[in-house]
>>> print(open('entry16.txt').read())   # compact mmCIF, C-alpha atoms and all ligand atoms
# COMPACT_ATOMS: atom_id res chain seq x y z
CA MET K 482 92.51 138.19 62.74
CA PRO K 483 93.22 139.76 59.34
CA GLY K 484 95.96 142.37 59.30
CA THR K 485 98.78 143.79 57.23
CA TYR K 486 102.01 141.88 56.86
CA THR K 487 104.85 143.05 54.67
CA LEU K 488 107.34 140.83 52.89
CA PRO K 489 110.85 142.07 52.17
CA GLU K 490 111.37 143.12 48.55
CA ILE K 491 113.58 140.62 46.77
CA THR K 492 114.12 139.62 43.17
CA ILE K 493 113.86 136.02 42.10
CA THR K 494 115.90 134.82 39.21
CA GLY K 495 115.06 131.25 38.37
CA PHE K 496 113.86 129.04 35.58
CA SER K 497 116.64 128.56 33.11
CA ILE K 498 117.52 125.93 30.53
CA LEU K 499 120.98 125.26 29.16
CA ASN K 500 119.91 123.94 25.79
CA SER K 501 116.93 123.52 23.51
CA VAL K 502 113.98 121.31 24.48
CA GLY K 503 111.36 119.67 22.25
CA LEU K 504 111.07 118.20 18.80
CA GLY K 505 114.53 117.32 17.41
CA CYS K 506 116.26 119.31 20.15
CA GLN K 507 119.19 118.65 22.50
CA ASN K 508 116.81 117.66 25.33
CA LEU K 509 119.13 117.47 28.33
CA PRO K 510 117.14 115.60 31.00
CA GLU K 511 117.26 118.51 33.47
CA ASP K 512 116.09 120.94 30.75
CA VAL K 513 113.23 118.62 29.76
CA LYS K 514 112.08 118.42 33.38
CA GLU K 515 112.30 122.21 33.76
CA VAL K 516 110.16 122.91 30.69
CA LYS K 517 107.59 120.33 31.76
CA TRP K 518 107.52 121.88 35.22
CA MET K 519 107.01 125.38 33.77
CA LEU K 520 104.20 124.23 31.45
CA ASN K 521 102.56 122.39 34.35
CA ASN K 522 102.65 125.59 36.36
CA ILE K 523 100.56 127.48 33.79
CA SER K 524 96.81 127.14 33.56
CA VAL K 525 94.93 125.81 30.54
CA GLU K 526 93.42 129.24 29.90
CA LEU K 527 96.95 130.61 29.42
CA GLY K 528 97.97 127.75 27.13
CA GLY K 529 99.76 125.76 29.84
CA ALA K 530 99.58 122.08 30.71
CA ALA K 531 98.09 122.65 34.20
CA ARG K 532 99.83 119.72 35.92
CA THR K 533 98.96 117.17 33.27
CA LEU K 534 102.58 116.43 32.29
CA ASN K 535 104.71 113.94 34.17
CA ASP K 536 107.50 116.30 35.19
CA GLU K 537 109.46 113.74 37.17
CA ASP K 538 111.32 112.25 34.24
CA GLY K 539 113.52 113.92 31.68
CA PHE K 540 113.26 111.36 28.90
CA ALA K 541 113.48 112.61 25.33
CA ARG K 542 111.30 109.85 23.89
CA GLY K 543 108.15 107.91 24.74
CA PRO K 544 104.52 108.97 25.24
CA ASP K 545 105.40 111.47 28.01
CA PHE K 546 107.78 113.23 25.64
CA ASP K 547 105.17 113.26 22.84
CA LYS K 548 102.78 114.91 25.28
CA LEU K 549 105.44 117.52 26.08
CA VAL K 550 105.99 118.36 22.39
CA ASN K 551 102.26 118.66 21.92
CA ALA K 552 101.97 120.90 25.00
CA ILE K 553 104.73 123.18 23.65
CA LYS K 554 102.84 123.50 20.35
CA VAL K 555 99.59 124.27 22.16
CA PHE K 556 101.39 126.92 24.20
CA GLN K 557 102.96 128.45 21.07
CA LEU K 558 99.63 128.46 19.24
CA ARG K 559 98.02 130.26 22.18
CA HIS K 560 100.65 133.02 22.33
CA PHE K 561 102.24 133.32 18.90
CA LYS K 562 99.42 132.65 16.47
CA GLY K 563 100.13 134.50 13.24
CA GLN K 564 103.73 135.22 14.29
CA PHE K 565 105.28 131.80 13.65
CA THR K 566 104.21 128.23 13.06
CA PRO K 567 104.37 126.19 16.27
CA ASP K 568 107.50 124.02 16.01
CA GLY K 569 107.32 122.24 19.39
CA GLN K 570 110.70 123.68 20.41
CA VAL K 571 111.79 125.77 23.38
CA GLN K 572 115.13 127.56 22.90
CA PRO K 573 116.96 129.29 25.77
CA ASN K 574 116.05 132.99 25.90
CA ARG K 575 113.89 132.89 22.79
CA ALA K 576 110.25 133.97 22.61
CA THR K 577 108.63 130.69 23.78
CA PHE K 578 110.91 130.38 26.79
CA ARG K 579 110.50 134.03 27.77
CA LYS K 580 106.73 133.67 27.61
CA LEU K 581 106.93 130.54 29.79
CA GLN K 582 108.98 132.52 32.32
CA GLU K 583 106.61 135.41 32.29
CA LEU K 584 103.58 133.28 33.08
CA GLN K 585 105.01 131.28 35.97
CA GLY K 586 102.67 131.07 38.89
CA ARG K 587 99.73 132.84 37.28
CA ARG K 588 96.31 131.31 37.39
CA ALA K 589 93.69 132.57 35.01
CA THR K 590 90.43 131.77 36.71
CA GLY K 591 89.24 135.36 36.35
CA GLN K 592 91.49 137.57 38.44
CA GLN K 593 91.37 135.02 41.24
CA GLY K 594 94.77 133.96 42.52
CA ASP K 595 96.66 135.70 39.74
CA GLY K 596 100.26 135.89 40.89
CA ILE K 597 99.95 134.44 44.39
CA LYS K 598 101.38 131.03 45.10
CA VAL K 599 101.15 128.91 48.20
CA GLN K 600 103.44 126.11 49.17
CA PRO K 601 103.79 123.83 52.17
CA ASP K 602 106.43 124.57 54.79
CA THR K 603 108.14 121.27 54.09
CA PRO K 604 108.00 120.68 50.32
CA ILE K 605 108.78 117.17 49.12
CA GLY K 606 109.36 118.11 45.51
CA GLY K 607 105.83 117.32 44.39
CA PRO K 608 102.40 118.89 44.53
CA CYS K 609 101.79 117.58 48.09
CA ASP K 610 103.61 117.11 51.36
CA THR K 611 103.47 114.70 54.28
CA PHE K 612 101.57 117.19 56.47
CA GLY K 613 98.36 117.02 54.50
CA PHE K 614 99.01 119.90 52.10
CA SER K 615 97.92 119.40 48.52
CA LEU K 616 98.31 121.42 45.35
CA ALA K 617 97.19 118.44 43.27
CA ARG K 618 93.64 119.80 42.67
CA LEU K 619 92.22 116.30 42.34
CA ASP K 620 88.62 115.70 41.40
CA LYS K 621 86.35 112.79 40.46
CA THR K 622 84.55 112.34 37.13
CA LYS K 623 82.12 110.13 39.02
CA PRO K 624 81.35 111.98 42.24
CA GLY K 625 80.79 110.22 45.55
CA PRO K 626 82.65 107.56 47.45
CA ALA K 627 82.68 105.00 44.61
CA GLY K 628 84.79 106.89 42.07
CA ASP K 629 88.56 107.11 41.61
CA TRP K 630 90.31 110.50 41.80
CA ASP K 631 90.74 110.50 38.05
CA ARG K 632 90.98 114.13 36.96
CA ILE K 633 92.67 117.41 37.72
CA ASN K 634 90.41 120.41 38.11
CA PRO K 635 92.48 123.62 37.90
CA ALA K 636 89.54 125.62 39.30
CA LEU K 637 89.79 123.87 42.67
CA PRO K 638 91.75 125.53 45.48
CA PRO K 639 94.78 123.96 47.15
CA VAL K 640 93.80 122.07 50.34
CA GLN K 641 95.47 121.91 53.74
CA MET K 642 94.53 119.36 56.41
CA VAL K 643 94.57 120.99 59.85
CA PRO K 644 94.33 118.77 62.93
CA LEU K 645 91.73 119.89 65.45
CA GLY K 646 93.69 121.66 68.21
CA GLY K 647 96.87 121.51 66.14
CA THR K 648 98.58 123.84 63.67
CA ARG K 649 99.84 123.85 60.11
CA THR K 650 102.13 126.30 58.34
CA LEU K 651 101.53 127.56 54.80
CA ASN K 652 104.07 129.56 52.86
CA PHE K 653 102.69 132.27 50.59
CA LEU K 654 104.59 133.90 47.77
CA ALA K 655 103.21 136.70 45.59
CA SER K 656 105.09 137.97 42.56
CA SER K 657 104.78 140.13 39.46
CA MET K 658 106.77 140.68 36.30
CA VAL K 659 108.03 144.26 36.41
CA ASN K 660 110.07 145.38 33.36
CA GLY K 661 110.96 141.78 32.61
CA THR K 662 112.02 140.94 36.18
CA LEU K 663 110.08 138.78 38.59
CA GLU K 664 109.51 140.74 41.81
CA LEU K 665 107.89 139.76 45.07
CA GLU K 666 104.73 141.48 46.21
CA SER K 667 103.70 141.67 49.83
CA ILE K 668 100.76 139.72 51.22
CA SER K 669 98.66 142.55 52.60
CA ASP K 670 95.68 140.68 53.91
CA LEU K 671 94.72 137.23 55.21
CA LYS K 672 91.21 136.19 56.05
CA ILE K 673 89.47 133.00 57.19
CA SER K 674 85.84 132.84 56.10
CA ASN K 675 84.63 130.89 59.14
CA THR K 676 86.74 131.74 62.19
CA ASN K 677 84.89 129.16 64.30
CA ILE K 678 86.62 126.42 62.28
CA ALA K 679 90.16 127.76 62.04
CA GLU K 680 92.19 130.76 63.14
CA ILE K 681 95.46 132.40 62.16
CA VAL K 682 98.02 132.01 64.93
CA SER K 683 100.97 133.90 63.46
CA VAL K 684 102.35 135.36 60.25
CA SER K 685 105.94 136.12 59.37
CA ASP K 686 107.73 136.42 56.03
CA GLY K 687 104.79 134.90 54.19
CA ASN K 688 104.64 131.89 56.57
CA VAL K 689 101.10 131.63 57.88
CA VAL K 690 100.39 129.35 60.86
CA VAL K 691 96.76 128.23 61.11
CA LYS K 692 95.11 126.34 63.96
CA GLY K 693 92.07 124.07 63.79
CA THR K 694 89.39 124.99 66.32
CA CYS K 695 86.32 123.02 65.15
CA PRO K 696 85.94 120.12 62.66
CA GLY K 697 84.79 121.28 59.21
CA ARG K 698 85.85 123.14 56.11
CA THR K 699 86.64 126.80 55.66
CA THR K 700 88.62 129.01 53.31
CA LEU K 701 91.76 131.02 53.94
CA THR K 702 92.01 133.90 51.47
CA ALA K 703 95.33 135.65 50.91
CA ARG K 704 95.40 139.04 49.19
CA ASP K 705 98.49 140.84 47.95
CA SER K 706 99.30 144.52 47.55
CA ARG K 707 97.88 144.43 44.00
CA ARG K 708 94.53 143.18 45.36
CA ARG K 709 94.95 139.75 43.81
CA THR K 710 93.67 136.85 45.89
CA LEU K 711 94.31 133.14 46.40
CA ASP K 712 91.99 130.78 48.27
CA VAL K 713 93.23 127.78 50.25
CA ALA K 714 90.66 125.29 51.55
CA LEU K 715 91.29 124.27 55.18
CA ASP K 716 89.98 120.86 56.22
CA VAL K 717 89.95 120.68 60.03
CA ARG K 718 89.79 117.07 61.19
CA ARG K 719 89.33 115.64 64.66
CA LEU K 720 91.64 112.84 65.77
CA LEU K 721 90.23 109.44 64.87
CA SER K 722 91.66 106.43 66.62
CA PHE K 723 91.52 102.83 65.40
CA LYS K 724 92.55 99.57 66.95
CA VAL K 725 94.35 97.24 64.56
CA ASP K 726 93.62 93.53 64.88
CA VAL K 727 96.19 91.39 63.12
CA TYR K 728 95.11 87.85 62.32
CA HIS K 729 97.70 85.30 61.30
CA LEU K 730 96.12 82.57 59.21
CA GLY K 731 97.66 79.36 60.49
CA ALA K 732 100.31 79.19 63.18
CA PRO K 733 103.32 81.44 62.51
CA ARG K 734 106.65 79.66 62.10
CA VAL K 735 108.43 81.77 64.68
CA ARG K 736 107.20 82.37 68.24
CA GLY K 737 106.73 86.08 68.95
CA ALA K 738 106.71 86.89 65.24
CA LEU K 739 103.06 87.93 65.28
CA ASP K 740 103.55 90.65 67.92
CA MET K 741 106.60 91.93 66.10
CA LEU K 742 104.64 92.05 62.87
CA ALA K 743 101.66 93.77 64.49
CA ASN K 744 103.92 96.46 65.97
CA LYS K 745 105.49 97.00 62.60
CA ILE K 746 102.08 97.34 60.96
CA VAL K 747 100.85 99.83 63.56
CA PHE K 748 104.06 101.84 63.27
CA GLY K 749 103.77 101.89 59.47
CA LEU K 750 100.15 103.05 59.55
CA ASN K 751 100.90 105.80 62.07
CA SER K 752 103.85 107.08 60.04
CA VAL K 753 101.58 107.55 57.02
CA TYR K 754 98.25 108.62 58.53
CA ASN K 755 99.12 110.67 61.68
CA SER K 756 100.35 113.82 60.01
CA GLN K 757 98.31 113.58 56.81
CA ALA K 758 94.89 112.45 58.09
CA ASN K 759 94.99 113.02 61.87
CA MET K 760 94.41 109.30 62.42
CA MET K 761 96.02 107.18 65.08
CA PHE K 762 96.37 103.41 65.24
CA THR K 763 96.96 101.24 68.31
CA PRO K 764 97.53 97.50 68.46
CA GLY K 765 94.60 95.31 69.40
CA PRO K 766 95.10 91.84 70.80
CA ASN K 767 96.60 89.84 67.95
CA ARG K 768 95.33 86.43 67.10
CA VAL K 769 96.34 83.29 65.30
CA VAL K 770 93.34 81.87 63.48
CA VAL K 771 93.44 78.42 61.96
CA PRO K 772 90.42 78.19 59.72
CA SER K 773 89.49 74.70 58.75
CA ILE K 774 87.85 74.17 55.44
CA THR K 775 85.74 71.15 54.59
CA ILE K 776 86.39 69.87 51.11
CA GLY K 777 84.47 66.80 49.97
CA GLY K 778 83.57 65.89 53.58
CA THR K 779 87.20 66.11 54.74
CA ALA K 780 88.27 68.95 57.03
CA ARG K 781 91.55 70.60 56.12
CA HIS K 782 93.37 73.08 58.31
CA VAL K 783 95.25 76.04 56.99
CA SER K 784 98.91 75.57 57.85
CA ALA K 785 101.96 77.69 57.14
CA ASP K 786 102.58 75.55 54.07
CA SER K 787 99.13 75.98 52.57
CA ARG K 788 98.54 78.31 49.69
CA ILE K 789 95.48 80.38 50.55
CA VAL K 790 93.73 81.80 47.51
CA VAL K 791 91.16 84.55 48.09
CA HIS K 792 88.47 84.20 45.47
CA ASP K 793 85.05 85.81 45.55
CA PRO K 794 82.15 84.48 43.45
CA GLY K 795 82.03 86.17 40.06
CA GLU K 796 85.70 87.12 40.11
CA PRO K 797 88.19 85.68 37.62
CA PHE K 798 90.37 82.77 38.72
CA ALA K 799 93.34 83.96 36.71
CA ILE K 800 96.24 82.26 38.49
CA PRO K 801 97.41 78.67 37.97
CA ARG K 802 95.75 76.30 40.44
CA THR K 803 97.59 73.74 42.53
CA PRO K 804 95.83 70.74 44.13
CA ASN K 805 96.62 71.87 47.68
CA ASP K 806 95.18 75.38 47.34
CA ILE K 807 92.75 76.37 50.02
CA VAL K 808 90.30 78.72 48.33
CA ILE K 809 88.44 81.12 50.61
CA GLN K 810 86.06 84.02 50.09
CA SER K 811 86.10 87.48 51.64
CA SER K 812 83.05 86.47 53.68
CA HIS K 813 85.18 83.80 55.41
CA LEU K 814 87.62 86.48 56.52
CA PHE K 815 84.80 88.82 57.60
CA ALA K 816 83.37 86.02 59.75
CA LEU K 817 86.69 85.66 61.59
CA ARG K 818 86.83 89.31 62.70
CA ARG K 819 86.56 90.10 66.39
CA ASP K 820 85.30 93.66 65.95
CA ALA K 821 84.11 95.08 62.64
CA LEU K 822 84.85 98.66 63.80
CA ASN K 823 88.55 97.88 64.18
CA LEU K 824 90.94 97.62 61.29
CA SER K 825 91.26 93.88 60.60
CA VAL K 826 94.39 92.74 58.81
CA PHE K 827 94.80 89.10 57.74
CA VAL K 828 98.30 87.91 56.99
CA HIS K 829 99.93 84.75 55.73
CA GLU K 830 103.16 83.95 53.92
CA ARG K 831 101.34 82.24 51.08
CA ILE K 832 98.08 84.14 50.70
CA LEU K 833 97.23 85.11 47.11
CA SER K 834 94.56 86.78 45.05
CA SER K 835 92.81 84.62 42.47
CA LYS K 836 92.88 87.65 40.16
CA ASN K 837 96.63 88.19 39.91
CA LEU K 838 99.61 86.27 41.22
CA HIS K 839 101.48 89.51 41.90
CA HIS K 840 98.92 91.26 44.13
CA GLY K 841 100.62 91.47 47.51
CA GLY K 842 97.42 92.36 49.29
CA GLU K 843 93.78 93.22 48.79
CA SER K 844 90.99 95.07 50.49
CA TRP K 845 87.28 95.71 50.21
CA ILE K 846 86.45 99.44 50.10
CA GLY K 847 85.18 100.75 53.42
CA SER K 848 85.11 97.25 54.98
CA ARG K 849 88.02 97.99 57.38
CA THR K 850 89.29 94.58 56.36
CA SER K 851 92.31 93.70 54.25
CA TRP K 852 94.78 90.89 53.76
CA PHE K 853 98.37 90.98 52.72
CA ARG K 854 101.17 88.56 52.13
CA ILE K 855 104.03 88.74 54.59
CA LEU K 856 107.58 87.80 53.88
CA PRO K 857 109.26 85.12 55.98
CA ASP K 858 111.65 87.89 57.03
CA ILE K 859 109.45 90.31 58.94
CA ALA K 860 112.18 92.95 59.01
CA ALA K 861 111.89 93.22 55.23
CA ILE K 862 108.18 94.06 55.22
CA ASN K 863 107.38 97.59 54.07
CA ALA K 864 104.29 98.29 56.15
CA ALA K 865 104.32 101.98 55.20
CA SER K 866 103.44 101.46 51.56
CA LEU K 867 101.63 98.24 50.60
CA LEU K 868 99.85 97.76 53.90
CA SER K 869 98.92 101.44 54.22
CA HIS K 870 97.53 101.31 50.68
CA GLU K 871 95.32 98.30 51.45
CA ALA K 872 94.35 99.75 54.83
CA GLY K 873 93.50 102.97 52.98
CA HIS K 874 91.04 101.14 50.73
CA SER K 875 89.58 99.38 53.74
CA LEU K 876 89.00 102.82 55.32
CA GLY K 877 87.38 104.19 52.14
CA LEU K 878 90.23 105.69 50.07
CA GLN K 879 89.99 105.28 46.29
CA HIS K 880 92.83 105.20 43.77
CA VAL K 881 94.41 108.36 42.37
CA THR K 882 94.74 107.72 38.63
CA THR K 883 95.69 111.21 37.36
CA PRO K 884 99.08 111.99 35.77
CA ASN K 885 101.70 113.09 38.30
CA ASN K 886 100.53 110.55 40.89
CA ALA K 887 104.01 109.15 41.51
CA GLY K 888 104.56 109.00 45.26
CA PHE K 889 100.85 108.94 46.11
CA LEU K 890 99.77 106.21 48.54
CA MET K 891 96.72 105.41 46.42
CA HIS K 892 98.62 105.02 43.14
CA PRO K 893 97.05 101.86 41.65
CA ASN K 894 100.37 100.01 41.19
CA LEU K 895 102.59 101.40 43.99
CA PRO K 896 105.71 101.80 41.84
CA GLY K 897 107.92 102.84 44.76
CA ASN K 898 107.73 103.98 48.33
CA ASN K 899 104.35 105.66 48.05
CA ILE K 900 103.12 107.47 51.15
CA ILE K 901 101.55 110.81 50.12
CA ILE K 902 97.81 111.34 50.66
CA PRO K 903 96.58 114.50 48.85
CA ALA K 904 94.33 116.33 51.31
CA GLU K 905 91.32 116.50 48.98
CA THR K 906 91.11 112.69 49.01
CA LEU K 907 90.56 112.70 52.80
CA ALA K 908 86.89 113.24 51.90
CA ASP K 909 86.78 109.45 51.26
CA LEU K 910 87.77 108.66 54.86
CA PRO K 911 85.61 108.43 57.99
CA GLY K 912 85.08 111.91 59.41
CA GLY K 913 85.58 113.45 55.93
ZN ZN K 1001 94.62 99.64 45.35
>>> encode(input="entry16.txt", output="structure tokens")
Amino acid sequence: MPGTYTLPEITITGFSILNSVGLGCQNLPEDVKEVKWMLNNISVELGGAARTLNDEDGFARGPDFDKLVNAIKVFQLRHFKGQFTPDGQVQPNRATFRKLQELQGRRATGQQGDGIKVQPDTPIGGPCDTFGFSLARLDKTKPGPAGDWDRINPALPPVQMVPLGGTRTLNFLASSMVNGTLELESISDLKISNTNIAEIVSVSDGNVVVKGTCPGRTTLTARDSRRRTLDVALDVRRLLSFKVDVYHLGAPRVRGALDMLANKIVFGLNSVYNSQANMMFTPGPNRVVVPSITIGGTARHVSADSRIVVHDPGEPFAIPRTPNDIVIQSSHLFALRRDALNLSVFVHERILSSKNLHHGGESWIGSRTSWFRILPDIAAINAASLLSHEAGHSLGLQHVTTPNNAGFLMHPNLPGNNIIIPAETLADLPGG
């Protein structure tokens, strides 16, 4: 239902720095972040850094800072060639800064998207939100399910996950520089290319509510009063439901602990995957499994005191061995599963990877099977990050190794509380 919707005329003043940023400059942390953010917001064609700078820290040294200085020089070379030698410095209200201001929000893939921005209704301060919206523009050098999301492709559209039968809100903002002032344009037209897949439910003040009506992909195109357009890919996903079978290797120390743990795991998975992937998890019947392993003709049972080392043939054994280690292979765990279609999670307080002493868990891509090490104190387990990461691999998700991946669930090292799943990566999951 395309139509005409008018935004109120307002003027945005924004983007300022207090002091100089760059080579040999003052470099106040907030100023450094601001300049990185502005460069990230400008496409490569216009001399910008196109989201390749880590704009979450404001450090004035280190490799991230060197990249910033280089990006400033590239930007200066693009716009001031023949006027001055690029010095890698941005001064408040001088030519470089004014040019950065002027180009905010423009994309230079032809006339496409020039001046129109889209943002989620609940921004989290990054390129993605927890409702499946992504501005990350992630792509794979090696296409297909095997490759990591290892590059940013500025030509790709933003992506919004829309649950089948549910809605999502996108916030559009169109602006132009008029006599040195940034002014808002009105979004005059909105169109969905395949209205069988999604439809527009309502529009007000640039907030567009879309509803998923059939699983699949379609494009929402926004046009402003200057006839500039921006495409947003809509990925409508049906609800997928998985049972989670939690297997405790060896008897747990505390009665009832297994059910508590399983509930925590299911809650953690739902908090990450419900809104971002339209996936739901329910507890299966949990089980204590006590594998016995025959070593030299003697059967040994896994107990809570055993150290279980997961080691597959051909993999390095890079951790120090102890005589009481019980070494198992992934195939042993696979053989213990009740149902290979369910998500199988193996836990133990002393389970380890032979590859690295510090790996808290492991998974085999697409196998729906993972293990992770639980703490004796179940309340302290963060099921939303580590477990959801391993479960993600076991469902097919690959790592995101691009810059600016802080906060992403599939960050290879999980530096913090990582829960964001950029919508383009949902293509790795079942139903994608
Ligand atoms: Zn991983």
>>> atom_distance(input="entry16.txt", atom1="CA of Phe853 in chain K", atom2="CA of Pro624 in chain K")
29.0 Å
>>> residues_near_ligand(input="entry16.txt", ligand="ligand ZN 1001 (chain K)", cutoff="12 Å", atoms="all atoms listed in the file", output="number ranges by chain")
K: 629, 840-846, 851, 853, 866-882, 889-896, 899
>>> write_last_selection(input="entry16.txt", atoms="C-alpha atoms", output="PDB file, in the frame of the given file")
ATOM      1  CA  ASP K 629      88.560 107.110  41.610  1.00  0.00           C
ATOM      2  CA  HIS K 840      98.920  91.260  44.130  1.00  0.00           C
ATOM      3  CA  GLY K 841     100.620  91.470  47.510  1.00  0.00           C
ATOM      4  CA  GLY K 842      97.420  92.360  49.290  1.00  0.00           C
ATOM      5  CA  GLU K 843      93.780  93.220  48.790  1.00  0.00           C
ATOM      6  CA  SER K 844      90.990  95.070  50.490  1.00  0.00           C
ATOM      7  CA  TRP K 845      87.280  95.710  50.210  1.00  0.00           C
ATOM      8  CA  ILE K 846      86.450  99.440  50.100  1.00  0.00           C
ATOM      9  CA  SER K 851      92.310  93.700  54.250  1.00  0.00           C
ATOM     10  CA  PHE K 853      98.370  90.980  52.720  1.00  0.00           C
ATOM     11  CA  SER K 866     103.440 101.460  51.560  1.00  0.00           C
ATOM     12  CA  LEU K 867     101.630  98.240  50.600  1.00  0.00           C
ATOM     13  CA  LEU K 868      99.850  97.760  53.900  1.00  0.00           C
ATOM     14  CA  SER K 869      98.920 101.440  54.220  1.00  0.00           C
ATOM     15  CA  HIS K 870      97.530 101.310  50.680  1.00  0.00           C
ATOM     16  CA  GLU K 871      95.320  98.300  51.450  1.00  0.00           C
ATOM     17  CA  ALA K 872      94.350  99.750  54.830  1.00  0.00           C
ATOM     18  CA  GLY K 873      93.500 102.970  52.980  1.00  0.00           C
ATOM     19  CA  HIS K 874      91.040 101.140  50.730  1.00  0.00           C
ATOM     20  CA  SER K 875      89.580  99.380  53.740  1.00  0.00           C
ATOM     21  CA  LEU K 876      89.000 102.820  55.320  1.00  0.00           C
ATOM     22  CA  GLY K 877      87.380 104.190  52.140  1.00  0.00           C
ATOM     23  CA  LEU K 878      90.230 105.690  50.070  1.00  0.00           C
ATOM     24  CA  GLN K 879      89.990 105.280  46.290  1.00  0.00           C
ATOM     25  CA  HIS K 880      92.830 105.200  43.770  1.00  0.00           C
ATOM     26  CA  VAL K 881      94.410 108.360  42.370  1.00  0.00           C
ATOM     27  CA  THR K 882      94.740 107.720  38.630  1.00  0.00           C
ATOM     28  CA  PHE K 889     100.850 108.940  46.110  1.00  0.00           C
ATOM     29  CA  LEU K 890      99.770 106.210  48.540  1.00  0.00           C
ATOM     30  CA  MET K 891      96.720 105.410  46.420  1.00  0.00           C
ATOM     31  CA  HIS K 892      98.620 105.020  43.140  1.00  0.00           C
ATOM     32  CA  PRO K 893      97.050 101.860  41.650  1.00  0.00           C
ATOM     33  CA  ASN K 894     100.370 100.010  41.190  1.00  0.00           C
ATOM     34  CA  LEU K 895     102.590 101.400  43.990  1.00  0.00           C
ATOM     35  CA  PRO K 896     105.710 101.800  41.840  1.00  0.00           C
ATOM     36  CA  ASN K 899     104.350 105.660  48.050  1.00  0.00           C
TER      37      ASN K 899
END
>>> closest_residue(input="entry16.txt", among="K:Ser667, K:Ser752, K:Thr710, K:Asn885", to="Ala617 in chain K", atoms="only C-alpha atoms")
K:Asn885
>>> atom_distance(input="entry16.txt", atom1="CA of Thr577 in chain K", atom2="CA of Val550 in chain K")
12.7 Å
>>> residues_around(input="entry16.txt", residues="range 802-811 of chain K", least_positions_apart="3", cutoff="7 Å", atoms="all atoms listed in the file", output="NGL selection string")
:K and (787-793 or 814-815)
>>> atom_distance(input="entry16.txt", atom1="CA of Ile678 in chain K", atom2="CA of Val640 in chain K")
14.6 Å
>>> residues_around(input="entry16.txt", residues="Leu750 in chain K", least_positions_apart="3", cutoff="7 Å", atoms="only C-alpha atoms", output="NGL selection string")
:K and (746-747 or 753-754 or 762 or 865 or 869)
>>> residues_around(input="entry16.txt", residues="Lys724 in chain K", least_positions_apart="4", cutoff="10 Å", atoms="all atoms listed in the file", output="list in words")
Val747, Met761, Phe762, Thr763, Pro764, Gly765, Pro766, Asp820, Leu822, Asn823, Leu824 and Ser825 of chain K
>>> residues_around(input="entry16.txt", residues="range 551-559 of chain K", least_positions_apart="2", cutoff="7 Å", atoms="only C-alpha atoms", output="PyMOL selection string")
chain K and resi 528-530+547-549+561-562+567-570+577
>>> closest_residue(input="entry16.txt", among="K:Met519, K:Thr906, K:Thr850, K:Ser615", to="Glu583 in chain K", atoms="all atoms listed in the file")
K:Met519
>>> residues_around(input="entry16.txt", residues="Leu581 in chain K", least_positions_apart="2", cutoff="12 Å", atoms="only C-alpha atoms", output="JSON list (two decimals) with C-alpha atoms, in the coordinates of the input")
[["chain", "number", "residue", "atom", "x", "y", "z"],
["K", 495, "GLY", "CA", 115.06, 131.25, 38.37],
["K", 496, "PHE", "CA", 113.86, 129.04, 35.58],
["K", 497, "SER", "CA", 116.64, 128.56, 33.11],
["K", 498, "ILE", "CA", 117.52, 125.93, 30.53],
["K", 515, "GLU", "CA", 112.30, 122.21, 33.76],
["K", 516, "VAL", "CA", 110.16, 122.91, 30.69],
["K", 517, "LYS", "CA", 107.59, 120.33, 31.76],
["K", 518, "TRP", "CA", 107.52, 121.88, 35.22],
["K", 519, "MET", "CA", 107.01, 125.38, 33.77],
["K", 520, "LEU", "CA", 104.20, 124.23, 31.45],
["K", 521, "ASN", "CA", 102.56, 122.39, 34.35],
["K", 522, "ASN", "CA", 102.65, 125.59, 36.36],
["K", 523, "ILE", "CA", 100.56, 127.48, 33.79],
["K", 524, "SER", "CA", 96.81, 127.14, 33.56],
["K", 527, "LEU", "CA", 96.95, 130.61, 29.42],
["K", 528, "GLY", "CA", 97.97, 127.75, 27.13],
["K", 529, "GLY", "CA", 99.76, 125.76, 29.84],
["K", 530, "ALA", "CA", 99.58, 122.08, 30.71],
["K", 552, "ALA", "CA", 101.97, 120.90, 25.00],
["K", 553, "ILE", "CA", 104.73, 123.18, 23.65],
["K", 556, "PHE", "CA", 101.39, 126.92, 24.20],
["K", 557, "GLN", "CA", 102.96, 128.45, 21.07],
["K", 559, "ARG", "CA", 98.02, 130.26, 22.18],
["K", 560, "HIS", "CA", 100.65, 133.02, 22.33],
["K", 571, "VAL", "CA", 111.79, 125.77, 23.38],
["K", 572, "GLN", "CA", 115.13, 127.56, 22.90],
["K", 573, "PRO", "CA", 116.96, 129.29, 25.77],
["K", 574, "ASN", "CA", 116.05, 132.99, 25.90],
["K", 575, "ARG", "CA", 113.89, 132.89, 22.79],
["K", 576, "ALA", "CA", 110.25, 133.97, 22.61],
["K", 577, "THR", "CA", 108.63, 130.69, 23.78],
["K", 578, "PHE", "CA", 110.91, 130.38, 26.79],
["K", 579, "ARG", "CA", 110.50, 134.03, 27.77],
["K", 583, "GLU", "CA", 106.61, 135.41, 32.29],
["K", 584, "LEU", "CA", 103.58, 133.28, 33.08],
["K", 585, "GLN", "CA", 105.01, 131.28, 35.97],
["K", 586, "GLY", "CA", 102.67, 131.07, 38.89],
["K", 587, "ARG", "CA", 99.73, 132.84, 37.28]]
>>> closest_residue(input="entry16.txt", among="K:Ala887, K:Leu817, K:Gly847, K:Arg719", to="Pro626 in chain K", atoms="all atoms listed in the file")
K:Gly847
>>> axis_aligned_box(input="entry16.txt", around="range 899-904 of chain K", padding_each_side="5 Å", output="JSON")
{"center_x": 99.3, "center_y": 111.0, "center_z": 49.7, "size_x": 20.0, "size_y": 20.7, "size_z": 13.3}
>>> decode(input="entry16.txt", residues="range 889-893 of chain K", atoms="C-alpha atoms", output="tab-separated table (two decimals), in the first residue's frame")
chain	number	residue	atom	x	y	z
K	889	PHE	CA	27.91	-9.90	18.02
K	890	LEU	CA	26.97	-13.37	19.26
K	891	MET	CA	29.24	-15.00	16.69
K	892	HIS	CA	32.34	-12.95	17.56
K	893	PRO	CA	35.10	-15.61	17.60
